[in-house]
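Engineer: Structure supplied as protein-v8.txt; contents: compact mmCIF, C-alpha atoms.
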# COMPACT_ATOMS: atom_id res chain seq x y z
CA MET N 292 0.00 0.00 0.00
CA TYR N 293 3.01 2.27 0.05
CA SER N 294 3.19 2.27 -3.73
CA LEU N 295 2.78 6.03 -3.92
CA TYR N 296 6.02 6.39 -1.97
CA ILE N 297 7.80 4.19 -4.49
CA ILE N 298 6.37 6.15 -7.41
CA SER N 299 7.38 9.48 -5.93
CA ILE N 300 10.89 8.28 -5.06
CA ILE N 301 11.41 6.98 -8.60
CA SER N 302 10.08 10.25 -10.03
CA LEU N 303 12.34 12.26 -7.74
CA SER N 304 15.40 10.23 -8.78
CA ILE N 305 14.66 10.70 -12.47
CA SER N 306 14.10 14.41 -11.89
CA TYR N 307 17.34 14.64 -9.90
CA TYR N 308 19.27 12.92 -12.67
CA PHE N 309 18.14 15.48 -15.22
CA ASN N 310 18.18 18.64 -13.15
CA LYS N 311 19.34 18.97 -9.56
CA ALA N 312 18.27 22.57 -9.06
CA LYS N 313 14.75 21.96 -10.34
CA THR N 314 14.39 18.92 -8.10
CA LYS N 315 15.40 20.88 -5.04
CA GLN N 316 12.96 23.60 -6.00
CA SER N 317 10.18 21.05 -6.40
CA LEU N 318 10.83 19.70 -2.92
CA LYS N 319 10.67 23.22 -1.55
CA ILE N 320 7.34 23.80 -3.27
CA ALA N 321 6.06 20.45 -2.01
CA TRP N 322 7.00 21.25 1.57
CA LYS N 323 5.54 24.75 1.41
CA LYS N 324 2.23 23.49 0.06
CA PHE N 325 2.14 20.58 2.48
CA SER N 326 2.91 22.57 5.61
CA LYS N 327 0.39 25.21 4.66
CA ILE N 328 -2.49 22.74 4.32
CA LEU N 329 -1.53 20.44 7.18
CA PRO N 330 -3.73 22.24 9.75
CA GLY N 331 -6.68 21.82 7.37
CA TYR N 332 -6.09 18.08 7.11
CA LEU N 333 -5.66 17.76 10.88
CA LYS N 334 -8.95 19.53 11.48
CA LEU N 335 -10.55 17.23 8.98
CA LEU N 336 -9.15 14.20 10.82
CA ILE N 337 -10.57 15.45 14.10
CA ILE N 338 -14.01 16.03 12.59
CA LEU N 339 -13.92 12.62 10.92
CA SER N 340 -13.06 10.78 14.11
CA PHE N 341 -16.24 12.17 15.67
CA VAL N 342 -18.36 11.62 12.57
CA LEU N 343 -17.40 7.94 12.42
CA LEU N 344 -19.03 7.52 15.83
CA ILE N 345 -22.28 7.36 13.90
CA SER N 346 -22.10 3.63 13.93
CA ASP N 347 -23.10 1.09 11.32
CA ASP N 348 -26.07 0.12 13.48
CA ILE N 349 -27.57 3.58 13.31
CA ILE N 350 -27.20 3.76 9.55
CA ILE N 351 -28.61 0.27 9.10
CA ARG N 352 -31.55 1.06 11.37
CA TYR N 353 -32.47 4.31 9.64
CA LEU N 354 -31.85 3.28 6.06
CA GLY N 355 -33.35 -0.15 6.56
CA GLY N 356 -36.52 0.77 8.34
CA SER N 357 -37.94 3.38 6.02
CA GLY N 358 -39.83 3.49 2.75
CA SER N 359 -38.36 4.50 -0.60
CA LEU N 360 -38.82 8.24 -0.62
CA PHE N 361 -37.99 8.72 3.02
CA GLY N 362 -35.09 6.27 2.63
CA ILE N 363 -33.60 8.28 -0.23
CA ILE N 364 -33.81 11.50 1.73
CA ILE N 365 -32.16 9.92 4.77
CA GLY N 366 -29.57 8.31 2.48
CA LEU N 367 -28.74 11.60 0.77
CA ILE N 368 -28.41 13.46 4.03
CA SER N 369 -26.46 10.84 5.96
CA GLY N 370 -24.13 10.31 2.99
CA SER N 371 -23.48 14.05 2.76
CA ILE N 372 -22.62 14.66 6.37
CA THR N 373 -20.58 11.51 6.90
CA MET N 374 -17.47 10.28 5.28
CA MET N 375 -15.95 6.85 5.53
CA PRO N 376 -13.26 4.95 3.72
CA GLY N 377 -14.39 2.53 1.01
CA PHE N 378 -13.36 -0.53 2.96
CA ILE N 379 -16.00 0.38 5.55
CA ALA N 380 -18.65 1.90 3.26
CA TYR N 381 -18.95 -0.95 0.75
CA PRO N 382 -19.21 -3.85 3.19
CA LEU N 383 -21.80 -1.71 5.01
CA SER N 384 -23.82 -1.32 1.82
CA GLY N 385 -23.50 -5.06 1.30
CA ILE N 386 -25.17 -5.56 4.68
CA LEU N 387 -27.85 -3.02 3.78
CA LEU N 388 -28.57 -4.94 0.59
CA GLU N 389 -28.93 -8.19 2.53
CA LYS N 390 -31.35 -6.47 4.88
CA GLY N 391 -33.53 -5.70 1.90
CA VAL N 392 -32.71 -2.02 1.48
CA SER N 393 -33.35 -0.99 -2.13
CA TYR N 394 -30.54 -0.23 -4.58
CA MET N 395 -31.96 3.24 -4.95
CA VAL N 396 -31.50 4.04 -1.27
CA ILE N 397 -28.03 2.50 -1.24
CA ALA N 398 -27.11 4.59 -4.29
CA SER N 399 -28.29 7.77 -2.58
CA PHE N 400 -26.12 6.98 0.42
CA ILE N 401 -23.00 5.79 -1.44
CA THR N 402 -23.04 8.58 -4.02
CA THR N 403 -23.38 11.45 -1.58
CA LEU N 404 -20.83 9.75 0.64
CA MET N 405 -18.32 10.08 -2.17
CA MET N 406 -19.36 13.29 -3.89
CA VAL N 407 -20.66 15.59 -1.20
CA GLY N 408 -18.15 16.49 1.44
CA VAL N 409 -19.55 18.57 4.25
CA VAL N 410 -16.71 17.42 6.48
CA THR N 411 -14.00 18.01 3.86
CA TYR N 412 -14.99 21.69 3.79
CA PRO N 413 -11.92 22.89 5.79
CA VAL N 414 -9.62 21.44 3.15
CA GLU N 415 -11.66 22.10 0.03
CA LYS N 416 -12.18 25.79 0.81
CA GLU N 417 -8.41 26.34 1.05
CA TYR N 418 -7.97 25.15 -2.52
CA MET N 419 -11.21 26.14 -4.20
CA GLY N 420 -12.35 29.12 -2.19
CA LYS N 421 -15.51 29.20 -0.12
CA LYS N 422 -17.91 29.97 -2.92
CA ALA N 423 -16.74 27.30 -5.35
CA THR N 424 -16.75 24.76 -2.54
CA ILE N 425 -20.34 25.47 -1.61
CA VAL N 426 -21.63 25.64 -5.18
CA ARG N 427 -19.82 22.47 -6.20
CA ASN N 428 -21.19 20.54 -3.25
CA ILE N 429 -24.74 21.66 -3.96
CA ALA N 430 -24.33 20.60 -7.60
CA SER N 431 -22.96 17.25 -6.46
CA PHE N 432 -25.92 16.75 -4.15
CA VAL N 433 -28.34 17.29 -7.04
CA ILE N 434 -26.37 14.90 -9.26
CA ALA N 435 -26.39 12.30 -6.50
CA ALA N 436 -30.16 12.57 -6.20
CA ILE N 437 -30.53 12.07 -9.96
CA ILE N 438 -28.22 9.05 -9.85
CA ALA N 439 -30.27 7.54 -7.03
CA ILE N 440 -33.52 7.96 -8.96
CA ALA N 441 -31.91 6.59 -12.14
CA THR N 442 -30.71 3.56 -10.18
CA GLY N 443 -34.25 3.03 -8.92
CA ILE N 444 -35.58 3.15 -12.47
CA PHE N 445 -32.95 0.73 -13.82
CA TYR N 446 -33.65 -1.76 -11.05
CA GLY N 447 -37.39 -1.39 -11.50
CA GLU N 448 -37.87 -0.07 -7.98
CA VAL N 449 -39.93 2.91 -9.04
CA PHE N 450 -42.87 3.01 -11.48
CA MET S 244 -4.13 37.15 12.48
CA LYS S 245 -2.09 34.40 10.84
CA LYS S 246 -0.09 33.72 13.99
CA ASN S 247 -3.27 33.60 16.01
CA SER S 248 -4.81 30.92 13.83
CA THR S 249 -1.65 28.83 14.05
CA ARG S 250 -1.81 29.06 17.83
CA ASN S 251 -5.49 28.11 17.81
CA ASN S 252 -4.73 25.10 15.64
CA ILE S 253 -2.05 23.92 18.00
CA ILE S 254 -4.38 24.34 20.98
CA LEU S 255 -7.15 22.48 19.18
CA PHE S 256 -4.93 19.60 18.18
CA ALA S 257 -3.19 19.36 21.55
CA SER S 258 -6.48 19.25 23.44
CA PHE S 259 -7.83 16.63 21.05
CA MET S 260 -4.74 14.49 21.54
CA SER S 261 -4.87 14.82 25.31
CA LEU S 262 -8.55 13.84 25.25
CA ILE S 263 -7.61 10.64 23.40
CA LEU S 264 -4.64 9.94 25.64
CA LEU S 265 -6.68 10.51 28.77
CA SER S 266 -9.41 8.21 27.46
CA TYR S 267 -6.90 5.41 27.06
CA ILE S 268 -5.51 5.96 30.54
CA LEU S 269 -8.97 6.08 32.14
CA ASN S 270 -10.30 3.36 29.87
CA TYR S 271 -13.04 5.69 28.66
CA ASN S 272 -14.80 3.85 25.86
CA LEU S 273 -16.17 6.67 23.74
CA GLY S 274 -12.82 8.46 23.76
CA MET S 275 -10.99 5.31 22.75
CA LYS S 276 -13.43 4.80 19.89
CA ILE S 277 -12.72 8.34 18.69
CA GLY S 278 -9.00 7.56 18.88
CA GLU S 279 -9.48 4.44 16.75
CA ASN S 280 -11.47 6.44 14.19
CA PHE S 281 -8.72 9.02 14.10
CA MET S 282 -6.19 6.32 13.30
CA ILE S 283 -8.25 4.93 10.40
CA PHE S 284 -7.96 8.13 8.43
CA ALA S 285 -4.57 9.19 9.81
CA ARG S 286 -3.03 5.98 8.47
CA ASP S 287 -4.53 6.70 5.06
CA MET S 288 -3.20 10.22 5.03
CA ILE S 289 0.31 9.21 6.06
CA LYS S 290 0.33 6.67 3.24
CA ILE S 291 -0.88 9.11 0.66
CA LEU S 292 -0.26 12.77 1.40
CA PRO S 293 3.55 13.15 1.65
CA PRO S 294 4.32 11.37 -1.64
CA ALA S 295 1.33 13.04 -3.31
CA PHE S 296 2.70 16.46 -2.44
CA ILE S 297 6.15 15.49 -3.72
CA LEU S 298 4.52 14.61 -7.04
CA ILE S 299 2.61 17.90 -7.04
CA GLY S 300 5.93 19.73 -6.46
CA LEU S 301 7.50 17.91 -9.39
CA PHE S 302 4.46 18.71 -11.50
CA ASP S 303 4.87 22.39 -10.65
CA VAL S 304 8.47 22.65 -11.80
CA TRP S 305 8.47 20.26 -14.75
CA VAL S 306 5.14 20.60 -16.48
CA ASP S 307 4.94 23.44 -18.93
CA ARG S 308 2.05 25.87 -18.65
CA LYS S 309 1.41 25.52 -22.37
CA THR S 310 0.89 21.78 -22.08
CA ILE S 311 -1.81 22.26 -19.47
CA GLU S 312 -3.48 25.08 -21.37
CA LYS S 313 -3.49 22.99 -24.51
CA ASN S 314 -5.00 19.90 -22.86
CA PHE S 315 -7.09 21.25 -20.00
CA GLY S 316 -7.60 24.90 -20.90
CA LYS S 317 -9.79 26.90 -23.21
CA THR S 318 -7.93 25.87 -26.36
CA SER S 319 -8.80 22.27 -25.63
CA GLY S 320 -12.15 21.06 -26.89
CA PHE S 321 -14.13 18.13 -25.61
CA LYS S 322 -11.01 16.07 -24.98
CA LYS S 323 -10.25 18.04 -21.82
CA TYR S 324 -13.17 16.28 -20.15
CA ILE S 325 -11.85 12.89 -21.17
CA TYR S 326 -8.39 13.78 -19.89
CA SER S 327 -9.83 15.10 -16.64
CA ILE S 328 -11.83 11.92 -16.08
CA LEU S 329 -8.85 9.69 -16.91
CA LEU S 330 -6.65 11.67 -14.55
CA ALA S 331 -9.34 11.40 -11.88
CA ALA S 332 -9.75 7.65 -12.28
CA THR S 333 -6.06 7.15 -11.64
CA THR S 334 -5.69 9.67 -8.80
CA VAL S 335 -4.79 7.71 -5.68
CA GLY S 336 -6.36 9.01 -2.50
CA GLY S 337 -9.58 10.46 -3.84
CA THR S 338 -10.54 14.03 -3.06
CA PHE S 339 -7.85 14.43 -0.39
CA VAL S 340 -5.34 14.46 -3.22
CA ALA S 341 -7.65 15.80 -5.92
CA PHE S 342 -8.12 19.21 -4.25
CA PRO S 343 -4.44 20.22 -4.23
CA VAL S 344 -3.92 18.72 -7.69
CA ALA S 345 -6.89 20.68 -9.04
CA ASN S 346 -5.52 23.86 -7.52
CA SER S 347 -2.12 23.31 -9.19
CA LEU S 348 -3.79 22.53 -12.50
CA TYR S 349 -5.81 25.73 -12.29
CA HIS S 350 -2.75 27.86 -11.68
CA LYS S 351 -1.07 26.23 -14.66
CA GLY S 352 -3.91 27.29 -16.92
CA ALA S 353 -6.57 24.60 -16.69
CA GLY S 354 -10.15 25.82 -17.13
CA TYR S 355 -12.87 25.72 -14.50
CA SER S 356 -14.82 23.03 -16.28
CA SER S 357 -11.75 20.77 -16.38
CA ILE S 358 -11.02 21.08 -12.70
CA PHE S 359 -14.64 20.68 -11.65
CA THR S 360 -14.90 17.58 -13.81
CA TYR S 361 -11.66 16.34 -12.35
CA ILE S 362 -12.62 16.81 -8.69
CA THR S 363 -16.10 15.40 -9.02
CA ALA S 364 -14.92 12.49 -11.13
CA ALA S 365 -12.12 11.80 -8.64
CA SER S 366 -14.72 11.20 -5.98
CA LEU S 367 -16.84 9.05 -8.28
CA VAL S 368 -14.71 6.81 -10.46
CA MET S 369 -11.59 5.83 -8.56
CA ILE S 370 -10.63 2.51 -10.12
CA PRO S 371 -9.76 0.49 -6.98
CA MET S 372 -12.94 1.67 -5.23
CA SER S 373 -15.13 0.87 -8.19
CA ILE S 374 -13.74 -2.66 -8.37
CA MET S 375 -14.58 -3.16 -4.71
CA GLU S 376 -18.04 -1.73 -5.26
CA ALA S 377 -18.75 -3.99 -8.22
CA SER S 378 -17.73 -7.07 -6.26
CA ILE S 379 -20.11 -6.23 -3.41
CA LEU S 380 -23.05 -4.46 -5.04
CA GLY S 381 -22.76 -5.99 -8.49
CA LEU S 382 -21.39 -4.80 -11.82
CA LYS S 383 -24.77 -3.46 -12.89
CA PHE S 384 -24.87 -1.06 -9.95
CA THR S 385 -21.41 0.29 -10.73
CA PHE S 386 -22.18 0.69 -14.43
CA ILE S 387 -25.41 2.56 -13.74
CA ARG S 388 -23.70 4.84 -11.23
CA ILE S 389 -20.76 5.69 -13.45
CA GLY S 390 -22.77 5.76 -16.70
CA VAL S 391 -25.37 8.15 -15.31
CA SER S 392 -22.95 10.34 -13.39
CA LEU S 393 -20.23 11.10 -15.95
CA PRO S 394 -22.45 12.99 -18.43
CA LEU S 395 -24.01 14.87 -15.52
CA VAL S 396 -20.57 15.72 -14.16
CA VAL S 397 -19.48 17.19 -17.49
CA ILE S 398 -22.73 19.12 -17.98
CA SER S 399 -22.63 20.56 -14.47
CA SER S 400 -18.96 21.49 -14.88
CA VAL S 401 -19.75 23.44 -18.04
CA LEU S 402 -22.54 25.27 -16.20
CA LEU S 403 -20.32 25.95 -13.19
CA GLU S 404 -17.62 27.34 -15.47
CA LYS S 405 -20.13 29.77 -17.00
CA TYR S 406 -21.28 30.80 -13.52
CA PHE S 407 -17.79 31.45 -12.19
CA LYS S 408 -16.45 33.11 -15.32
CA ASN S 409 -19.28 35.62 -15.27
CA ARG S 410 -18.38 36.48 -11.71
CA ASP S 411 -14.65 36.68 -12.38
CA TYR S 412 -13.97 34.20 -9.61
CA LYS S 413 -10.39 33.21 -8.81
CA LEU S 414 -9.24 30.16 -6.93
CA PRO S 415 -6.96 30.89 -3.97
CA LYS S 416 -3.26 30.48 -4.58
CA VAL S 417 -1.86 27.99 -2.10
CA ALA S 418 1.84 28.63 -1.40
Produce structure tokens that represent the structure in this file.

Structural biologist:
Amino acid sequence: MYSLYIISIISLSISYYFNKAKTKQSLKIAWKKFSKILPGYLKLLIILSFVLLISDDIIIRYLGGSGSLFGIIIGLISGSITMMPGFIAYPLSGILLEKGVSYMVIASFITTLMMVGVVTYPVEKEYMGKKATIVRNIASFVIAAIIAIATGIFYGEVF
Amino acid sequence: MKKNSTRNNIILFASFMSLILLSYILNYNLGMKIGENFMIFARDMIKILPPAFILIGLFDVWVDRKTIEKNFGKTSGFKKYIYSILLAATTVGGTFVAFPVANSLYHKGAGYSSIFTYITAASLVMIPMSIMEASILGLKFTFIRIGVSLPLVVISSVLLEKYFKNRDYKLPKVA
């Protein structure tokens, strides 16, 4: 899983071979950018460690026990405000599926989980500015809702 | 102002860390759970962020502005969306890495629609994630999700570009 380290070390060596000064400059840029955003990432980590307290059980209970329309709305909202790594999110949706939750509701949860980042706001705003961050997330929310409905149509869960 | 926010960050982080540490000493369950959650993402970030920023640094010094303008900027036609999506699909680390990359691309001359497509696609079509998804939820689910979302991502990016260009919006310059 440390493949990115290997890739960057190889790239650095190639760069160093061709131009030492440029390579040094690139490291300086990398450090400057990294140290500037580090507080943002740390804040994000702190928020995430609280958000993940919303346990699987709660998500299963709320997404599992509700009808389609209500389920989608809960899915969209809970996916937007939470964030979890794929190795937790996908097994969780597998469980939801087994419990009989519709694909449409799972899609609404999974898609907003990935696309809409309320908790990544501290980092995104540093790079995109406040306005672009907010507008992009709203657009993503709308797209996620459309994807959820489309999924429902393709699986024959609506109409 | 700047110094103050640095101090606040240090205070915030130090108090968070002492909360975790204290929880472990006192065997306080909720606090220990928070500590575990912290580690899940912290491990990810340690694996990904330092090398990602090294690559971004290399990108900054080696990649010519003209190349980016030609492929991701206004002189590039529809292919900029394809490039953005391909770049997104191969970006390791999802949006954590996509935000700084998008910012660097922008300052090298990439258009708004390219970077919006890139960021949104990076959260949607990461290859390793999609493989995992297909194995659990089925290939059909993954195909529907990606097939429906990509056109919408491109359309919304074009609209967002119009919106931001009209308002003469500039992305912040980070370092």

Engineer: Can you tell me which residues surround Gly352 of chain S at a distance of at most 7 Å, considering only C-alpha atoms, apart from same-chain residues fewer than 2 positions away, and format the answer as a list of chain:residue names?

Structural biologist: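 Neighbouring residues, sequence-local ones excluded: S:Arg308, S:Ile311, S:Glu312, S:Gly316, S:Leu348, S:Tyr349, S:His350, S:Gly354.
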
Engineer: Determine, counting all atoms listed in the file, which protein, DNA and RNA residues have an atom within 10 Å of an atom of Ser299 of chain N; residues of the same chain fewer than 3 positions away are not included. Present the result as a PDB file with C-alpha atoms, in the frame of the given file.

Structural biologist:
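Listed below is the output, part_29.pdb:
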ATOM      1  CA  SER N 294       3.190   2.270  -3.730  1.00  0.00           C
ATOM      2  CA  LEU N 295       2.780   6.030  -3.920  1.00  0.00           C
ATOM      3  CA  TYR N 296       6.020   6.390  -1.970  1.00  0.00           C
ATOM      4  CA  SER N 302      10.080  10.250 -10.030  1.00  0.00           C
ATOM      5  CA  LEU N 303      12.340  12.260  -7.740  1.00  0.00           C
ATOM      6  CA  SER N 304      15.400  10.230  -8.780  1.00  0.00           C
ATOM      7  CA  ILE N 305      14.660  10.700 -12.470  1.00  0.00           C
TER       8      ILE N 305
ATOM      9  CA  PRO S 293       3.550  13.150   1.650  1.00  0.00           C
ATOM     10  CA  PRO S 294       4.320  11.370  -1.640  1.00  0.00           C
ATOM     11  CA  ALA S 295       1.330  13.040  -3.310  1.00  0.00           C
ATOM     12  CA  PHE S 296       2.700  16.460  -2.440  1.00  0.00           C
ATOM     13  CA  ILE S 297       6.150  15.490  -3.720  1.00  0.00           C
ATOM     14  CA  LEU S 298       4.520  14.610  -7.040  1.00  0.00           C
ATOM     15  CA  ILE S 299       2.610  17.900  -7.040  1.00  0.00           C
ATOM     16  CA  LEU S 301       7.500  17.910  -9.390  1.00  0.00           C
TER      17      LEU S 301
END

Engineer: Using all atoms listed in the file, which of the listed residues (S:Lys405, S:Arg410, S:Arg388, S:Arg250) sits closest to chain N?

Structural biologist: S:Arg388

Engineer: Could you pull the residues within 12 Å of Gly337 of chain S, counting all atoms listed in the file, minus those fewer than 2 positions along the same chain, as a short mmCIF file (atom, residue, chain, number, x, y, z; two decimals) with C-alpha atoms, in the coordinates of the input?

Structural biologist:
data_model
loop_
_atom_site.label_atom_id
_atom_site.label_comp_id
_atom_site.auth_asym_id
_atom_site.auth_seq_id
_atom_site.Cartn_x
_atom_site.Cartn_y
_atom_site.Cartn_z
CA MET N 375 -15.95 6.85 5.53
CA PRO N 376 -13.26 4.95 3.72
CA GLY N 377 -14.39 2.53 1.01
CA MET N 405 -18.32 10.08 -2.17
CA MET N 406 -19.36 13.29 -3.89
CA GLY N 408 -18.15 16.49 1.44
CA THR N 411 -14.00 18.01 3.86
CA ASP S 287 -4.53 6.70 5.06
CA MET S 288 -3.20 10.22 5.03
CA ILE S 291 -0.88 9.11 0.66
CA LEU S 292 -0.26 12.77 1.40
CA ALA S 295 1.33 13.04 -3.31
CA LEU S 330 -6.65 11.67 -14.55
CA ALA S 331 -9.34 11.40 -11.88
CA ALA S 332 -9.75 7.65 -12.28
CA THR S 333 -6.06 7.15 -11.64
CA THR S 334 -5.69 9.67 -8.80
CA VAL S 335 -4.79 7.71 -5.68
CA PHE S 339 -7.85 14.43 -0.39
CA VAL S 340 -5.34 14.46 -3.22
CA ALA S 341 -7.65 15.80 -5.92
CA PHE S 342 -8.12 19.21 -4.25
CA PRO S 343 -4.44 20.22 -4.23
CA VAL S 344 -3.92 18.72 -7.69
CA ALA S 345 -6.89 20.68 -9.04
CA TYR S 361 -11.66 16.34 -12.35
CA ILE S 362 -12.62 16.81 -8.69
CA THR S 363 -16.10 15.40 -9.02
CA ALA S 364 -14.92 12.49 -11.13
CA ALA S 365 -12.12 11.80 -8.64
CA SER S 366 -14.72 11.20 -5.98
CA LEU S 367 -16.84 9.05 -8.28
CA VAL S 368 -14.71 6.81 -10.46
CA MET S 369 -11.59 5.83 -8.56
CA ILE S 370 -10.63 2.51 -10.12
CA PRO S 371 -9.76 0.49 -6.98
CA MET S 372 -12.94 1.67 -5.23
CA SER S 373 -15.13 0.87 -8.19
#

Engineer: Using all atoms listed in the file, pick whichever of S:Leu380, S:Val391, S:Ala353, S:Leu262 has the shortest atom-to-atom distance to Gly274 of chain S.

Structural biologist: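 Checking each candidate against Gly274 of chain S, we get S:Leu262 as the closest.
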
Engineer: What is the distance, in Å and to one decimal place, between atom CA of Thr338 of chain S and atom CA of Phe384 of chain S?

Structural biologist: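 Computing it gives 21.9 Å between the two atoms.
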
Engineer: Got a sec: who's within 6 Å of segment 436-445 of chain N, counting only C-alpha atoms, leaving out chain neighbours fewer than 2 positions off, as an mmCIF file with C-alpha atoms, keeping the file's coordinate frame?

Structural biologist:
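Dumped to out_38.cif:
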data_model
loop_
_atom_site.group_PDB
_atom_site.id
_atom_site.type_symbol
_atom_site.label_atom_id
_atom_site.label_comp_id
_atom_site.auth_asym_id
_atom_site.auth_seq_id
_atom_site.Cartn_x
_atom_site.Cartn_y
_atom_site.Cartn_z
ATOM 1 C CA MET N 395 -31.960 3.240 -4.950
ATOM 2 C CA ALA N 398 -27.110 4.590 -4.290
ATOM 3 C CA SER N 399 -28.290 7.770 -2.580
ATOM 4 C CA VAL N 433 -28.340 17.290 -7.040
ATOM 5 C CA ILE N 434 -26.370 14.900 -9.260
ATOM 6 C CA GLY N 447 -37.390 -1.390 -11.500
ATOM 7 C CA GLU N 448 -37.870 -0.070 -7.980
ATOM 8 C CA VAL N 449 -39.930 2.910 -9.040
#

Engineer: Give me, please, the distance in Å between atom CA of Leu333 of chain N and atom CA of Lys315 of chain N, quoted to one decimal.

Structural biologist: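 It comes out at 26.6 Å.
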
Engineer: For chain N, which residues have at least one atom within 8 Å of chain S, if we go by only C-alpha atoms? Write them as a ChimeraX atom specification, please.

Structural biologist: /N:292-293,295-296,299,302-303,306,313-314,316-325,327,330,333-334,336-337,339-341,343-344,376-377,381-382,384-385,388,394,398,402,405-406,414-415,417-420,427,430-431,434-435,438,441-442,445

Engineer: Pick out the residues sitting within 8 Å of segment 349-354 of chain N, and hand them over as number ranges by chain; count only C-alpha atoms, and ignore anything fewer than 6 positions along from it in its own chain.

Structural biologist: N: 362, 365-366, 369, 387, 392, 396

Engineer: With C-alpha atoms retained, write the just-selected residues as an mmCIF file, keeping the file's coordinate frame.

Structural biologist:
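What follows is the written file again_18.cif:
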data_model
loop_
_atom_site.group_PDB
_atom_site.id
_atom_site.type_symbol
_atom_site.label_atom_id
_atom_site.label_comp_id
_atom_site.auth_asym_id
_atom_site.auth_seq_id
_atom_site.Cartn_x
_atom_site.Cartn_y
_atom_site.Cartn_z
ATOM 1 C CA GLY N 362 -35.090 6.270 2.630
ATOM 2 C CA ILE N 365 -32.160 9.920 4.770
ATOM 3 C CA GLY N 366 -29.570 8.310 2.480
ATOM 4 C CA SER N 369 -26.460 10.840 5.960
ATOM 5 C CA LEU N 387 -27.850 -3.020 3.780
ATOM 6 C CA VAL N 392 -32.710 -2.020 1.480
ATOM 7 C CA VAL N 396 -31.500 4.040 -1.270
#

Engineer: For the atom pair atom CA of Ile338 of chain N and atom CA of Ile372 of chain N, what is the interatomic distance in Å to one decimal place?

Structural biologist: 10.7 Å

Engineer: Please fill the gaps in segment 402-417 of chain S so it has N, CA and C atoms, and write that as a compact mmCIF listing (two decimals), in the frame of the given file.

Structural biologist:
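Saved to part.txt:
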# COMPACT_ATOMS: atom_id res chain seq x y z
N LEU S 402 -21.68 24.23 -16.80
CA LEU S 402 -22.54 25.27 -16.20
C LEU S 402 -21.80 26.03 -15.11
N LEU S 403 -21.06 25.29 -14.27
CA LEU S 403 -20.32 25.95 -13.19
C LEU S 403 -19.27 26.90 -13.76
N GLU S 404 -18.63 26.47 -14.85
CA GLU S 404 -17.62 27.34 -15.47
C GLU S 404 -18.24 28.65 -15.91
N LYS S 405 -19.41 28.55 -16.57
CA LYS S 405 -20.13 29.77 -17.00
C LYS S 405 -20.39 30.67 -15.79
N TYR S 406 -20.91 30.06 -14.73
CA TYR S 406 -21.28 30.80 -13.52
C TYR S 406 -20.07 31.53 -12.95
N PHE S 407 -18.94 30.83 -12.83
CA PHE S 407 -17.79 31.45 -12.19
C PHE S 407 -17.06 32.44 -13.08
N LYS S 408 -17.10 32.18 -14.40
CA LYS S 408 -16.45 33.11 -15.32
C LYS S 408 -17.17 34.45 -15.31
N ASN S 409 -18.49 34.39 -15.30
CA ASN S 409 -19.28 35.62 -15.27
C ASN S 409 -18.98 36.45 -14.04
N ARG S 410 -18.62 35.76 -12.96
CA ARG S 410 -18.38 36.48 -11.71
C ARG S 410 -16.90 36.76 -11.47
N ASP S 411 -16.08 36.41 -12.48
CA ASP S 411 -14.65 36.68 -12.38
C ASP S 411 -14.05 36.11 -11.10
N TYR S 412 -14.41 34.87 -10.84
CA TYR S 412 -13.97 34.20 -9.61
C TYR S 412 -12.56 33.66 -9.79
N LYS S 413 -11.74 33.77 -8.75
CA LYS S 413 -10.39 33.21 -8.81
C LYS S 413 -10.19 32.22 -7.68
N LEU S 414 -9.56 31.11 -8.00
CA LEU S 414 -9.24 30.16 -6.93
C LEU S 414 -8.08 30.70 -6.11
N PRO S 415 -8.07 30.42 -4.79
CA PRO S 415 -6.96 30.89 -3.97
C PRO S 415 -5.64 30.26 -4.41
N LYS S 416 -4.56 31.03 -4.25
CA LYS S 416 -3.26 30.48 -4.58
C LYS S 416 -2.65 29.91 -3.30
N VAL S 417 -2.40 28.62 -3.31
CA VAL S 417 -1.86 27.99 -2.10
C VAL S 417 -0.34 27.86 -2.23
